[in-house]
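**Student:** Got target07.cif for you, mmCIF, C-alpha atoms:
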```
data_entry
#
loop_
_atom_site.label_atom_id
_atom_site.label_comp_id
_atom_site.auth_asym_id
_atom_site.auth_seq_id
_atom_site.Cartn_x
_atom_site.Cartn_y
_atom_site.Cartn_z
CA MET A 1 118.29 -32.75 9.12
CA ARG A 2 114.78 -32.71 10.59
CA ARG A 3 113.38 -31.17 7.43
CA VAL A 4 114.89 -33.89 5.29
CA ILE A 5 113.41 -36.63 7.49
CA LEU A 6 109.97 -34.96 7.42
CA ALA A 7 110.12 -34.52 3.64
CA VAL A 8 111.08 -38.18 3.09
CA ALA A 9 108.40 -39.42 5.51
CA GLY A 10 105.76 -37.21 3.86
CA THR A 11 106.75 -38.45 0.40
CA ILE A 12 106.55 -42.08 1.50
CA ALA A 13 103.15 -41.53 3.15
CA GLY A 14 101.85 -39.84 -0.01
CA LEU A 15 103.06 -42.69 -2.23
CA VAL A 16 101.49 -45.31 0.02
CA ALA A 17 98.17 -43.46 -0.06
CA LEU A 18 98.33 -43.06 -3.83
CA LEU A 19 99.19 -46.70 -4.48
CA SER A 20 96.47 -48.01 -2.16
CA PHE A 21 93.72 -45.98 -3.90
CA LYS A 22 91.24 -48.10 -5.86
CA SER A 23 88.94 -46.51 -8.39
CA HIS A 24 85.36 -47.68 -8.99
CA VAL A 25 85.94 -48.75 -12.59
CA PRO A 26 85.22 -52.50 -12.77
CA SER A 27 87.58 -54.73 -14.71
CA ALA A 28 84.76 -56.76 -16.27
CA PRO A 29 81.04 -56.01 -16.18
CA VAL A 30 78.86 -58.57 -14.42
CA ALA A 31 75.78 -58.01 -16.58
CA ALA A 32 75.38 -56.94 -20.18
CA THR A 33 73.98 -53.44 -20.54
CA THR A 34 73.47 -53.10 -24.27
CA GLY A 35 70.08 -53.38 -25.95
CA GLY A 36 68.86 -56.83 -26.82
CA SER A 37 65.76 -58.94 -26.96
CA GLY A 38 66.01 -60.80 -23.65
CA GLY A 39 66.93 -60.35 -20.04
CA THR A 40 69.78 -61.49 -17.92
CA SER A 41 67.73 -63.49 -15.47
CA SER A 42 65.08 -66.16 -15.62
CA SER A 43 62.64 -63.73 -14.01
CA SER A 44 63.10 -61.03 -16.62
CA SER A 45 60.34 -60.02 -18.95
CA SER A 46 59.62 -62.08 -22.02
CA SER A 47 59.40 -60.83 -25.57
CA SER A 48 55.61 -60.68 -25.31
CA ALA A 49 55.70 -57.24 -23.71
CA SER A 50 53.49 -54.54 -25.17
CA SER A 51 54.69 -52.97 -28.39
CA SER A 52 55.00 -49.62 -26.62
CA SER A 53 57.64 -51.01 -24.25
CA GLY A 54 60.54 -50.23 -26.61
CA GLY A 55 62.34 -53.61 -26.64
CA GLY A 56 65.39 -52.68 -24.55
CA GLN A 57 67.15 -55.25 -22.42
CA THR A 58 65.72 -55.67 -18.96
CA GLU A 59 68.14 -55.77 -16.07
CA VAL A 60 66.56 -57.63 -13.18
CA VAL A 61 68.13 -57.23 -9.78
CA PRO A 62 66.41 -58.14 -6.51
CA GLY A 63 64.99 -55.07 -4.80
CA ALA A 64 61.93 -53.48 -3.29
CA PHE A 65 60.85 -51.59 -6.39
CA PRO A 66 59.23 -52.55 -9.70
CA GLN A 67 61.80 -53.85 -12.16
CA GLY A 68 61.46 -54.99 -15.70
CA SER A 69 58.65 -54.05 -18.03
CA ILE A 70 55.30 -53.56 -16.30
CA ALA A 71 53.52 -52.95 -19.61
CA LYS A 72 51.95 -56.42 -19.90
CA ASN A 73 48.15 -56.57 -20.15
CA LEU A 74 47.56 -52.91 -19.40
CA PRO A 75 43.97 -51.93 -18.68
CA ALA A 76 42.23 -49.71 -21.22
CA GLY A 77 43.32 -46.10 -20.93
CA GLU A 78 46.79 -46.87 -19.62
CA THR A 79 49.89 -46.40 -21.73
CA ALA A 80 53.48 -47.47 -21.15
CA VAL A 81 56.27 -45.08 -22.03
CA ASN A 82 59.94 -46.04 -21.88
CA GLY A 83 62.49 -43.37 -21.15
CA LYS A 84 65.77 -43.26 -23.03
CA VAL A 85 68.73 -45.12 -21.58
CA ALA A 86 70.75 -42.63 -19.55
CA SER A 87 74.46 -43.39 -19.32
CA THR A 88 75.97 -42.68 -15.92
CA ALA A 89 79.49 -43.09 -14.59
CA TYR A 90 78.46 -46.44 -13.07
CA GLY A 91 76.19 -47.84 -15.78
CA PRO A 92 72.92 -47.30 -17.63
CA VAL A 93 69.63 -46.23 -16.06
CA GLN A 94 66.28 -46.59 -17.83
CA ILE A 95 62.77 -46.27 -16.49
CA GLN A 96 59.26 -47.02 -17.71
CA LEU A 97 56.16 -45.00 -16.86
CA ILE A 98 52.58 -46.19 -16.86
CA LYS A 99 50.23 -43.26 -17.43
CA ARG A 100 46.46 -43.10 -17.10
CA ASN A 101 44.65 -39.96 -18.25
CA GLY A 102 47.96 -38.07 -18.38
CA LYS A 103 48.83 -38.98 -14.78
CA ILE A 104 51.77 -41.20 -13.78
CA VAL A 105 50.37 -44.21 -11.94
CA LYS A 106 53.38 -46.57 -11.92
CA VAL A 107 57.12 -46.39 -12.47
CA ALA A 108 59.46 -49.32 -13.09
CA VAL A 109 63.22 -49.53 -13.46
CA LEU A 110 64.18 -51.29 -16.70
CA MET A 111 67.96 -50.88 -16.36
CA GLN A 112 70.20 -49.94 -13.49
CA PRO A 113 73.93 -50.10 -12.76
CA THR A 114 74.82 -53.65 -11.67
CA ASN A 115 78.59 -53.84 -12.10
CA THR A 116 79.32 -54.13 -8.39
CA LEU A 117 77.48 -55.08 -5.22
CA ASN A 118 77.66 -51.42 -4.18
CA ASP A 119 75.77 -50.42 -7.36
CA VAL A 120 72.99 -52.87 -6.50
CA GLN A 121 72.80 -51.65 -2.90
CA ILE A 122 72.60 -48.03 -4.02
CA GLY A 123 69.78 -48.97 -6.41
CA LYS A 124 67.84 -50.74 -3.64
CA PHE A 125 68.17 -47.60 -1.53
CA ALA A 126 67.66 -44.90 -4.16
CA PHE A 127 65.03 -46.16 -6.62
CA PRO A 128 62.13 -46.55 -4.15
CA LYS A 129 62.68 -42.95 -3.01
CA LEU A 130 62.95 -41.66 -6.57
CA ILE A 131 59.81 -43.54 -7.62
CA SER A 132 57.75 -42.25 -4.69
CA GLU A 133 58.89 -38.68 -5.41
CA THR A 134 57.96 -39.11 -9.08
CA LEU A 135 54.47 -40.34 -8.19
CA ALA A 136 54.00 -37.42 -5.80
CA ALA A 137 55.42 -34.70 -8.07
CA GLN A 138 53.98 -36.03 -11.36
CA ASN A 139 56.90 -34.44 -13.23
CA GLY A 140 60.68 -34.63 -13.60
CA LYS A 141 61.43 -32.00 -10.96
CA ILE A 142 62.41 -34.30 -8.12
CA ASP A 143 65.25 -34.23 -5.62
CA ALA A 144 68.31 -36.42 -6.01
CA VAL A 145 68.94 -39.06 -3.36
CA SER A 146 71.96 -38.31 -1.22
CA GLY A 147 74.66 -40.90 -1.81
CA ALA A 148 73.23 -41.83 -5.21
CA THR A 149 73.90 -38.66 -7.16
CA TYR A 150 74.83 -40.29 -10.48
CA THR A 151 72.02 -42.83 -10.29
CA SER A 152 69.54 -40.07 -9.43
CA ALA A 153 70.73 -37.95 -12.35
CA GLY A 154 70.36 -40.89 -14.74
CA TYR A 155 66.88 -41.61 -13.37
CA VAL A 156 65.78 -38.00 -13.83
CA GLN A 157 67.24 -37.92 -17.36
CA SER A 158 65.37 -41.10 -18.36
CA LEU A 159 62.21 -39.88 -16.60
CA GLN A 160 62.28 -36.58 -18.44
CA SER A 161 62.73 -38.29 -21.81
CA ALA A 162 59.69 -40.49 -21.06
CA LEU A 163 57.65 -37.45 -20.04
CA ASP A 164 58.68 -35.62 -23.21
CA LYS A 165 57.52 -38.51 -25.41
CA ARG A 166 53.86 -38.29 -24.38
CA SER A 167 53.24 -34.82 -23.02
#
```
Could you write out this file's structure as structure tokens?
**Tutor:**
Amino acid sequence: MRRVILAVAGTIAGLVALLSFKSHVPSAPVAATTGGSGGTSSSSSSSSASSSSGGGQTEVVPGAFPQGSIAKNLPAGETAVNGKVASTAYGPVQIQLIKRNGKIVKVAVLMQPTNTLNDVQIGKFAFPKLISETLAAQNGKIDAVSGATYTSAGYVQSLQSALDKRS
């Protein structure tokens, strides 16, 4: 009799846990993530960006790191290189490098996952660390940020594609 009661209680507890689980897949995206000619915010970059900026859509989310194209009015000797859009489980990641004499001098985030508030918070936490590591390492061999594994992988993938374009 005890075994039957324990089996029924265990089954009920398992069903409750299973039914209360919520996955991260959003029902409707908050911001468009496909390529286009404009941004999603009034502070996004205009279509007058340098011709080397690639023309992808700029996702602008408040944060403490450069966002949107930084390729406007570059000084002589500097070139802007956009990385490819890296698809992650939580959304696209794309970066832009500014290089001077073959050295990375600036990095900006053109696209980042913005489907949920958690995605935005992870970006605010992870991108400044990833950018500072990129500037220090001057290559794509940087450490992922703990707690932002997918975002870090997308960043590194986009970074490497930008580095491969203008080696």
**Student:** I'd like to see the residues matched by the PyMOL selection byres ((chain A and resi 98-108) around 6) on this file, and ideally I'd get them as an MDAnalysis selection string.
**Tutor:** chainID A and resid 66:67 77:80 95:97 109
**Student:** Check which residues satisfy the PyMOL selection byres ((chain A and resi 122) around 10) in the file shown, then give them as number ranges by chain.
**Tutor:** A: 112-114, 117-121, 123-127, 145, 147-149, 151
**Student:** Between atom CA of A:Lys141 and atom CA of A:Gln157, what is the distance, to one decimal in Å?
**Tutor:**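 According to the coordinates, atom CA of A:Lys141 and atom CA of A:Gln157 are separated by 10.5 Å.
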**Student:** I want to know what sits within 10 Å of stretch 11-25 of chain A, based on all atoms listed in the file, with residues of the same chain fewer than 5 positions away left out; could you give that as a PyMOL selection string?
**Tutor:** chain A and resi 5-6+89-90+115-116+118
**Student:** Between atom CA of A:Leu74 and atom CA of A:Ala86, what is the spacing in Å?
**Tutor:**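 A separation of 25.4 Å between them.
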**Student:** Rounded to one decimal, what separation in Å do you get between atom CA of A:Lys165 and atom CA of A:Val93?
**Tutor:**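 Taking atom CA of A:Lys165 and atom CA of A:Val93, their separation equals 17.1 Å.
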**Student:** My list of candidates is A:Ala136, A:Gly91, A:Leu130, A:Pro75. Which is closest to A:Ser152 when distances are computed with all atoms listed in the file?
**Tutor:**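 For A:Ser152, the nearest of the candidates is A:Leu130.
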**Student:** Check the smallest atom-to-atom distance from each of A:Ser161, A:Gln138, A:Ser146, A:Ser132 to A:Lys84 using only C-alpha atoms, then report the winner.
**Tutor:**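 Ranked by minimum distance to A:Lys84, first place goes to A:Ser161.
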**Student:** Find the residue from A:Leu163, A:Ile142, A:Ala7, A:Val85 that sits nearest to A:Lys129; use only C-alpha atoms when measuring.
**Tutor:**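 The closest residue to A:Lys129 is A:Ile142.
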